[in-house]
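Source file: final-v4.pdb (PDB, C-alpha atoms)
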```pdb
ATOM      1  CA  MET A   1     -15.108  17.404   6.062  1.00  0.00           C
ATOM      2  CA  LEU A   2     -12.296  15.244   4.616  1.00  0.00           C
ATOM      3  CA  LEU A   3     -10.658  14.976   8.032  1.00  0.00           C
ATOM      4  CA  ALA A   4     -13.956  13.800   9.546  1.00  0.00           C
ATOM      5  CA  LEU A   5     -14.209  11.218   6.766  1.00  0.00           C
ATOM      6  CA  ALA A   6     -10.617  10.060   7.343  1.00  0.00           C
ATOM      7  CA  HIS A   7     -11.396   9.554  11.038  1.00  0.00           C
ATOM      8  CA  SER A   8     -14.620   7.613  10.436  1.00  0.00           C
ATOM      9  CA  ARG A   9     -14.936   3.957  11.415  1.00  0.00           C
ATOM     10  CA  PRO A  10     -15.621   2.675   7.852  1.00  0.00           C
ATOM     11  CA  VAL A  11     -12.468   4.363   6.535  1.00  0.00           C
ATOM     12  CA  THR A  12     -10.499   2.831   9.409  1.00  0.00           C
ATOM     13  CA  TRP A  13     -11.477  -0.631   8.182  1.00  0.00           C
ATOM     14  CA  LEU A  14     -11.116   0.196   4.487  1.00  0.00           C
ATOM     15  CA  VAL A  15      -7.479   1.217   5.015  1.00  0.00           C
ATOM     16  CA  PHE A  16      -6.752  -2.045   6.850  1.00  0.00           C
ATOM     17  CA  PRO A  17      -3.907  -3.161   4.540  1.00  0.00           C
ATOM     18  CA  PRO A  18      -5.048  -6.765   3.847  1.00  0.00           C
ATOM     19  CA  LEU A  19      -8.598  -5.612   3.064  1.00  0.00           C
ATOM     20  CA  ALA A  20      -7.347  -2.852   0.745  1.00  0.00           C
ATOM     21  CA  ALA A  21      -5.078  -5.386  -0.990  1.00  0.00           C
ATOM     22  CA  LEU A  22      -7.968  -7.820  -1.395  1.00  0.00           C
ATOM     23  CA  LEU A  23     -10.126  -5.102  -2.977  1.00  0.00           C
ATOM     24  CA  ASP A  24      -7.286  -4.071  -5.305  1.00  0.00           C
ATOM     25  CA  ILE A  25      -5.633  -7.331  -6.339  1.00  0.00           C
ATOM     26  CA  GLY A  26      -8.811  -9.387  -5.944  1.00  0.00           C
ATOM     27  CA  GLY A  27     -10.605  -6.972  -8.256  1.00  0.00           C
ATOM     28  CA  LEU A  28      -7.896  -7.414 -10.891  1.00  0.00           C
ATOM     29  CA  TRP A  29      -8.120 -11.206 -10.625  1.00  0.00           C
ATOM     30  CA  LEU A  30     -11.901 -10.976 -10.978  1.00  0.00           C
ATOM     31  CA  LEU A  31     -11.546  -8.699 -14.000  1.00  0.00           C
ATOM     32  CA  TYR A  32      -8.962 -10.752 -15.876  1.00  0.00           C
ATOM     33  CA  ARG A  33      -9.873 -14.302 -14.882  1.00  0.00           C
ATOM     34  CA  THR A  34     -13.652 -14.137 -15.418  1.00  0.00           C
ATOM     35  CA  PRO A  35     -15.740 -13.041 -18.440  1.00  0.00           C
ATOM     36  CA  LEU A  36     -16.012  -9.565 -16.846  1.00  0.00           C
ATOM     37  CA  LEU A  37     -13.334  -8.097 -19.137  1.00  0.00           C
ATOM     38  CA  ALA A  38     -15.255  -9.262 -22.224  1.00  0.00           C
ATOM     39  CA  ALA A  39     -18.439  -7.736 -20.805  1.00  0.00           C
ATOM     40  CA  THR A  40     -16.717  -4.361 -20.421  1.00  0.00           C
ATOM     41  CA  HIS A  41     -16.206  -4.263 -24.199  1.00  0.00           C
ATOM     42  CA  HIS A  42     -19.941  -4.433 -24.859  1.00  0.00           C
ATOM     43  CA  GLN A  43     -21.473  -2.646 -21.869  1.00  0.00           C
ATOM     44  CA  PRO A  44     -20.384   0.993 -21.347  1.00  0.00           C
ATOM     45  CA  LEU A  45     -21.847   1.129 -17.837  1.00  0.00           C
ATOM     46  CA  ILE A  46     -19.929  -1.969 -16.738  1.00  0.00           C
ATOM     47  CA  HIS A  47     -16.799  -0.563 -18.377  1.00  0.00           C
ATOM     48  CA  ALA A  48     -17.143   2.714 -16.441  1.00  0.00           C
ATOM     49  CA  ALA A  49     -17.840   0.902 -13.160  1.00  0.00           C
ATOM     50  CA  VAL A  50     -14.787  -1.330 -13.608  1.00  0.00           C
ATOM     51  CA  GLN A  51     -12.555   1.644 -14.422  1.00  0.00           C
ATOM     52  CA  VAL A  52     -13.773   3.539 -11.337  1.00  0.00           C
ATOM     53  CA  HIS A  53     -13.224   0.448  -9.184  1.00  0.00           C
ATOM     54  CA  VAL A  54      -9.684  -0.107 -10.481  1.00  0.00           C
ATOM     55  CA  VAL A  55      -8.684   3.508  -9.830  1.00  0.00           C
ATOM     56  CA  LEU A  56     -10.341   3.743  -6.388  1.00  0.00           C
ATOM     57  CA  ALA A  57      -9.057   0.334  -5.250  1.00  0.00           C
ATOM     58  CA  GLY A  58      -5.525   1.260  -6.348  1.00  0.00           C
ATOM     59  CA  LEU A  59      -5.717   4.555  -4.482  1.00  0.00           C
ATOM     60  CA  LEU A  60      -7.125   2.846  -1.396  1.00  0.00           C
ATOM     61  CA  PHE A  61      -4.300   0.288  -1.474  1.00  0.00           C
ATOM     62  CA  THR A  62      -1.726   3.061  -1.800  1.00  0.00           C
ATOM     63  CA  PHE A  63      -3.269   4.986   1.115  1.00  0.00           C
ATOM     64  CA  ALA A  64      -3.383   1.800   3.211  1.00  0.00           C
ATOM     65  CA  ILE A  65       0.281   1.027   2.595  1.00  0.00           C
ATOM     66  CA  CYS A  66       1.731   4.552   2.818  1.00  0.00           C
ATOM     67  CA  GLN A  67      -0.620   5.957   5.489  1.00  0.00           C
ATOM     68  CA  LEU A  68       0.657   9.497   5.013  1.00  0.00           C
ATOM     69  CA  ASP A  69      -2.754  11.029   5.684  1.00  0.00           C
ATOM     70  CA  PRO A  70      -4.137  11.697   9.181  1.00  0.00           C
ATOM     71  CA  LEU A  71      -6.070   8.541  10.004  1.00  0.00           C
ATOM     72  CA  ARG A  72      -7.966   7.412  13.072  1.00  0.00           C
ATOM     73  CA  HIS A  73      -5.854   4.261  13.385  1.00  0.00           C
ATOM     74  CA  ARG A  74      -2.437   3.700  11.851  1.00  0.00           C
ATOM     75  CA  TRP A  75      -1.521   0.113  11.069  1.00  0.00           C
ATOM     76  CA  ASN A  76       2.063  -0.796  11.942  1.00  0.00           C
ATOM     77  CA  LEU A  77       4.857  -1.307   9.450  1.00  0.00           C
ATOM     78  CA  ALA A  78       4.767  -5.100   9.766  1.00  0.00           C
ATOM     79  CA  TRP A  79       1.127  -5.285   8.602  1.00  0.00           C
ATOM     80  CA  ARG A  80       1.786  -2.895   5.749  1.00  0.00           C
ATOM     81  CA  GLY A  81       5.057  -4.520   4.667  1.00  0.00           C
ATOM     82  CA  LEU A  82       3.712  -8.069   4.683  1.00  0.00           C
ATOM     83  CA  THR A  83       0.602  -6.929   2.840  1.00  0.00           C
ATOM     84  CA  LEU A  84       2.734  -5.225   0.198  1.00  0.00           C
ATOM     85  CA  LEU A  85       4.739  -8.428  -0.292  1.00  0.00           C
ATOM     86  CA  ALA A  86       1.611 -10.570  -0.587  1.00  0.00           C
ATOM     87  CA  ALA A  87      -0.098  -8.122  -2.953  1.00  0.00           C
ATOM     88  CA  GLY A  88       3.048  -7.932  -5.075  1.00  0.00           C
ATOM     89  CA  ALA A  89       3.109 -11.711  -5.342  1.00  0.00           C
ATOM     90  CA  GLY A  90      -0.579 -11.825  -6.287  1.00  0.00           C
ATOM     91  CA  HIS A  91      -0.080  -9.135  -8.914  1.00  0.00           C
ATOM     92  CA  ALA A  92       2.979 -10.865 -10.393  1.00  0.00           C
ATOM     93  CA  ILE A  93       1.219 -14.233 -10.548  1.00  0.00           C
ATOM     94  CA  LEU A  94      -1.760 -12.641 -12.296  1.00  0.00           C
ATOM     95  CA  ALA A  95       0.558 -11.053 -14.865  1.00  0.00           C
ATOM     96  CA  LYS A  96       2.267 -14.402 -15.477  1.00  0.00           C
ATOM     97  CA  THR A  97      -1.046 -16.183 -15.958  1.00  0.00           C
ATOM     98  CA  LEU A  98      -2.087 -13.515 -18.463  1.00  0.00           C
ATOM     99  CA  TYR A  99       1.160 -14.111 -20.358  1.00  0.00           C
ATOM    100  CA  VAL A 100       0.250 -17.741 -20.993  1.00  0.00           C
ATOM    101  CA  ALA A 101      -3.565 -17.657 -21.164  1.00  0.00           C
ATOM    102  CA  ARG A 102      -5.911 -14.943 -22.412  1.00  0.00           C
ATOM    103  CA  PRO A 103      -8.806 -13.744 -20.270  1.00  0.00           C
ATOM    104  CA  PRO A 104     -12.001 -15.783 -20.773  1.00  0.00           C
ATOM    105  CA  ALA A 105     -14.226 -14.831 -23.719  1.00  0.00           C
ATOM    106  CA  THR A 106     -11.618 -12.499 -25.282  1.00  0.00           C
ATOM    107  CA  THR A 107      -9.749 -12.746 -28.563  1.00  0.00           C
ATOM    108  CA  TYR A 108      -6.531 -10.849 -27.967  1.00  0.00           C
ATOM    109  CA  SER A 109      -3.583 -11.730 -30.180  1.00  0.00           C
ATOM    110  CA  ALA A 110      -0.626 -13.458 -28.544  1.00  0.00           C
ATOM    111  CA  VAL A 111       1.582 -10.410 -29.132  1.00  0.00           C
ATOM    112  CA  ASP A 112      -0.912  -8.044 -27.481  1.00  0.00           C
ATOM    113  CA  LEU A 113      -1.408 -10.467 -24.622  1.00  0.00           C
ATOM    114  CA  HIS A 114       2.330 -10.825 -23.999  1.00  0.00           C
ATOM    115  CA  THR A 115       2.917  -7.074 -24.201  1.00  0.00           C
ATOM    116  CA  GLY A 116       0.089  -6.335 -21.783  1.00  0.00           C
ATOM    117  CA  ALA A 117       1.219  -9.025 -19.345  1.00  0.00           C
ATOM    118  CA  GLN A 118       4.793  -7.750 -19.395  1.00  0.00           C
ATOM    119  CA  LEU A 119       3.596  -4.186 -18.827  1.00  0.00           C
ATOM    120  CA  MET A 120       1.494  -5.371 -15.897  1.00  0.00           C
ATOM    121  CA  TYR A 121       4.383  -7.386 -14.445  1.00  0.00           C
ATOM    122  CA  TYR A 122       7.155  -4.790 -14.729  1.00  0.00           C
ATOM    123  CA  GLY A 123       4.905  -1.770 -14.157  1.00  0.00           C
ATOM    124  CA  GLY A 124       3.587  -3.397 -10.995  1.00  0.00           C
ATOM    125  CA  ASP A 125       7.142  -3.996  -9.826  1.00  0.00           C
ATOM    126  CA  LEU A 126       7.965  -0.305 -10.248  1.00  0.00           C
ATOM    127  CA  VAL A 127       4.919   0.749  -8.225  1.00  0.00           C
ATOM    128  CA  GLU A 128       5.679  -1.820  -5.519  1.00  0.00           C
ATOM    129  CA  ILE A 129       9.297  -0.637  -5.296  1.00  0.00           C
ATOM    130  CA  ALA A 130       8.075   2.943  -4.843  1.00  0.00           C
ATOM    131  CA  LEU A 131       5.665   1.852  -2.084  1.00  0.00           C
ATOM    132  CA  ALA A 132       8.432  -0.187  -0.442  1.00  0.00           C
ATOM    133  CA  ALA A 133      10.668   2.898  -0.503  1.00  0.00           C
ATOM    134  CA  VAL A 134       7.993   4.886   1.333  1.00  0.00           C
ATOM    135  CA  LEU A 135       7.749   2.114   3.938  1.00  0.00           C
ATOM    136  CA  ALA A 136      11.527   1.978   4.278  1.00  0.00           C
ATOM    137  CA  VAL A 137      11.723   5.731   4.894  1.00  0.00           C
ATOM    138  CA  GLN A 138       8.943   5.511   7.487  1.00  0.00           C
ATOM    139  CA  TRP A 139      10.701   2.607   9.206  1.00  0.00           C
ATOM    140  CA  TYR A 140      14.032   4.447   9.177  1.00  0.00           C
ATOM    141  CA  LEU A 141      12.502   7.602  10.615  1.00  0.00           C
ATOM    142  CA  ALA A 142      10.668   5.678  13.340  1.00  0.00           C
ATOM    143  CA  THR A 143      13.677   3.602  14.383  1.00  0.00           C
ATOM    144  CA  GLY A 144      16.091   6.495  13.895  1.00  0.00           C
ATOM    145  CA  ARG A 145      14.101   8.704  16.273  1.00  0.00           C
ATOM    146  CA  ALA A 146      13.868   5.922  18.847  1.00  0.00           C
ATOM    147  CA  HIS A 147      17.599   5.258  18.549  1.00  0.00           C
ATOM    148  CA  ALA A 148      18.422   8.975  18.908  1.00  0.00           C
ATOM    149  CA  ARG A 149      16.217   9.231  22.029  1.00  0.00           C
ATOM    150  CA  LEU A 150      17.961   6.235  23.553  1.00  0.00           C
ATOM    151  CA  GLN A 151      21.384   7.701  22.760  1.00  0.00           C
ATOM    152  CA  ARG A 152      20.451  11.028  24.353  1.00  0.00           C
ATOM    153  CA  ARG A 153      19.224   9.282  27.499  1.00  0.00           C
ATOM    154  CA  GLN A 154      22.403   7.260  27.785  1.00  0.00           C
ATOM    155  CA  ARG A 155      24.635  10.339  27.396  1.00  0.00           C
ATOM    156  CA  ARG A 156      22.713  12.465  29.886  1.00  0.00           C
ATOM    157  CA  PRO A 157      24.198  12.397  33.413  1.00  0.00           C
ATOM    158  CA  PRO A 158      21.777  11.469  36.184  1.00  0.00           C
ATOM    159  CA  LEU A 159      20.043  14.357  37.925  1.00  0.00           C
ATOM    160  CA  THR A 160      21.241  15.276  41.374  1.00  0.00           C
ATOM    161  CA  ALA A 161      20.183  18.024  43.749  1.00  0.00           C
ATOM    162  CA  ASP A 162      23.105  20.247  42.733  1.00  0.00           C
ATOM    163  CA  SER A 163      23.018  19.591  38.962  1.00  0.00           C
ATOM    164  CA  PRO A 164      22.112  22.518  36.701  1.00  0.00           C
ATOM    165  CA  PRO A 165      18.658  22.531  35.124  1.00  0.00           C
ATOM    166  CA  HIS A 166      18.334  21.085  31.636  1.00  0.00           C
ATOM    167  CA  THR A 167      18.090  23.423  28.701  1.00  0.00           C
ATOM    168  CA  SER A 168      15.714  22.969  25.785  1.00  0.00           C
ATOM    169  CA  ARG A 169      18.673  21.711  23.767  1.00  0.00           C
ATOM    170  CA  ASP A 170      18.944  18.670  26.040  1.00  0.00           C
ATOM    171  CA  PHE A 171      15.528  17.366  24.984  1.00  0.00           C
TER     172      PHE A 171
END
```
The structure given in the file should be rewritten as structure tokens.
Amino acid sequence: MLLALAHSRPVTWLVFPPLAALLDIGGLWLLYRTPLLAATHHQPLIHAAVQVHVVLAGLLFTFAICQLDPLRHRWNLAWRGLTLLAAGAGHAILAKTLYVARPPATTYSAVDLHTGAQLMYYGGDLVEIALAAVLAVQWYLATGRAHARLQRRQRRPPLTADSPPHTSRDF
């Protein structure tokens, strides 16, 4: 059932890296730069919905960047890498704006605001470095395999009528 879901058309578009980044980072901007955060303090249903969105959007973004699961369509490393860079910039800018200005309709102390903004900034960097490491390993494996195939082809003598058959080790 999960494999059928992973191969569905809606999931294919949801794991499109720029869309997943927009849902993740855009949701954070909406939360912290509108009165939505203040509303979550007074409305338990809104609070629960926001928490679910933040977790699911973060997971979706991670799946879209890493793409370790069997998907119907895999987006190439360029899309995923550029999206990670753009999302990292958006996340860092949001953290910096929170350092200097509190979210609308909230009354956080300056110390709490600075601590939270720093945690968002540096914590986001750690997550983005981990995602970049996954992308780097995927890139290395993809280019390393292609390079090894090319090297094997270049070392292999051309086939002639009297050459011995190839063994499984040759491939």
Would you please work out which residue, of A:Leu31, A:Met1, A:Ala6, A:Leu14, is nearest to Leu68 of chain A when using all atoms listed in the file? A:Ala6
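Here the PyMOL selection byres ((chain A and resi 75) around 10) catches exactly these residues: Thr12, Val15, Phe16, Pro17, Ala64, Ile65, Cys66, Gln67, Leu71, Arg72, His73, Arg74, Asn76, Leu77, Ala78, Trp79 and Arg80 of chain A.
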Next, write the just-selected residues to a file, as a compact mmCIF listing (two decimals), keeping the file's coordinate frame, keeping C-alpha atoms as the atom set.
```
# COMPACT_ATOMS: atom_id res chain seq x y z
CA THR A 12 -10.50 2.83 9.41
CA VAL A 15 -7.48 1.22 5.01
CA PHE A 16 -6.75 -2.04 6.85
CA PRO A 17 -3.91 -3.16 4.54
CA ALA A 64 -3.38 1.80 3.21
CA ILE A 65 0.28 1.03 2.60
CA CYS A 66 1.73 4.55 2.82
CA GLN A 67 -0.62 5.96 5.49
CA LEU A 71 -6.07 8.54 10.00
CA ARG A 72 -7.97 7.41 13.07
CA HIS A 73 -5.85 4.26 13.38
CA ARG A 74 -2.44 3.70 11.85
CA ASN A 76 2.06 -0.80 11.94
CA LEU A 77 4.86 -1.31 9.45
CA ALA A 78 4.77 -5.10 9.77
CA TRP A 79 1.13 -5.28 8.60
CA ARG A 80 1.79 -2.90 5.75
```
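Minimum atom-to-atom distances from A:His41, A:Tyr32, A:Ile25, A:Thr83 to Ala57 of chain A were compared using all atoms listed in the file, and the lowest value belongs to A:Ile25.
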Contacts of Leu37 of chain A within 10 Å, only C-alpha atoms, excl. fewer than 4 positions in-chain, as a PyMOL selection string: chain A and resi 28+30-33+41-42+46-47+50+103-106
Per-axis box centre and lengths in Å around segment 131-144 of chain A, 6 Å margin per side, axis-aligned, as lines of an AutoDock Vina configuration file:
```
center_x = 10.9
center_y = 3.7
center_z = 6.1
size_x = 22.4
size_y = 19.8
size_z = 28.5
```
Point-to-point distance from atom CA of Asp125 of chain A to atom CA of Arg102 of chain A, Å rounded to tenths: 21.2 Å
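Take the candidates A:Ala95, A:Ala117, A:Val137, A:Leu82 and check each one against Trp29 of chain A using all atoms listed in the file; the shortest distance goes to A:Ala95.
If you look at atom CA of Leu84 of chain A and atom CA of Ala38 of chain A, they are 29.0 Å away from each other.
Counting all atoms listed in the file and comparing A:Thr34, A:Phe63, A:Pro44, A:Gly88, the residue that lies closest to Glu128 of chain A is A:Gly88.
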Excluding same-chain residues fewer than 2 positions from Ala87 of chain A, what lies within 10 Å of it counting only C-alpha atoms, as a compact mmCIF listing (two decimals) with C-alpha atoms, in the frame of the given file?
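Everything below was put into out10.txt:
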```txt
# COMPACT_ATOMS: atom_id res chain seq x y z
CA PRO A 17 -3.91 -3.16 4.54
CA PRO A 18 -5.05 -6.76 3.85
CA ALA A 20 -7.35 -2.85 0.74
CA ALA A 21 -5.08 -5.39 -0.99
CA LEU A 22 -7.97 -7.82 -1.40
CA ASP A 24 -7.29 -4.07 -5.30
CA ILE A 25 -5.63 -7.33 -6.34
CA GLY A 26 -8.81 -9.39 -5.94
CA PHE A 61 -4.30 0.29 -1.47
CA GLY A 81 5.06 -4.52 4.67
CA LEU A 82 3.71 -8.07 4.68
CA THR A 83 0.60 -6.93 2.84
CA LEU A 84 2.73 -5.22 0.20
CA LEU A 85 4.74 -8.43 -0.29
CA ALA A 89 3.11 -11.71 -5.34
CA GLY A 90 -0.58 -11.82 -6.29
CA HIS A 91 -0.08 -9.14 -8.91
CA ALA A 92 2.98 -10.86 -10.39
CA ILE A 93 1.22 -14.23 -10.55
CA GLU A 128 5.68 -1.82 -5.52
```
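Distance-wise, atom CA of Gly124 of chain A and atom CA of Ser109 of chain A end up 22.1 Å apart.
Compared by their closest atoms to Leu60 of chain A, and using all atoms listed in the file, the residues A:Leu126, A:Leu94, A:Val11, A:Ala48 rank with A:Val11 nearest.
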Residue among A:Val100, A:Leu5, A:Val54, A:Val127 lying closest to His114 of chain A, counting all atoms listed in the file: A:Val100
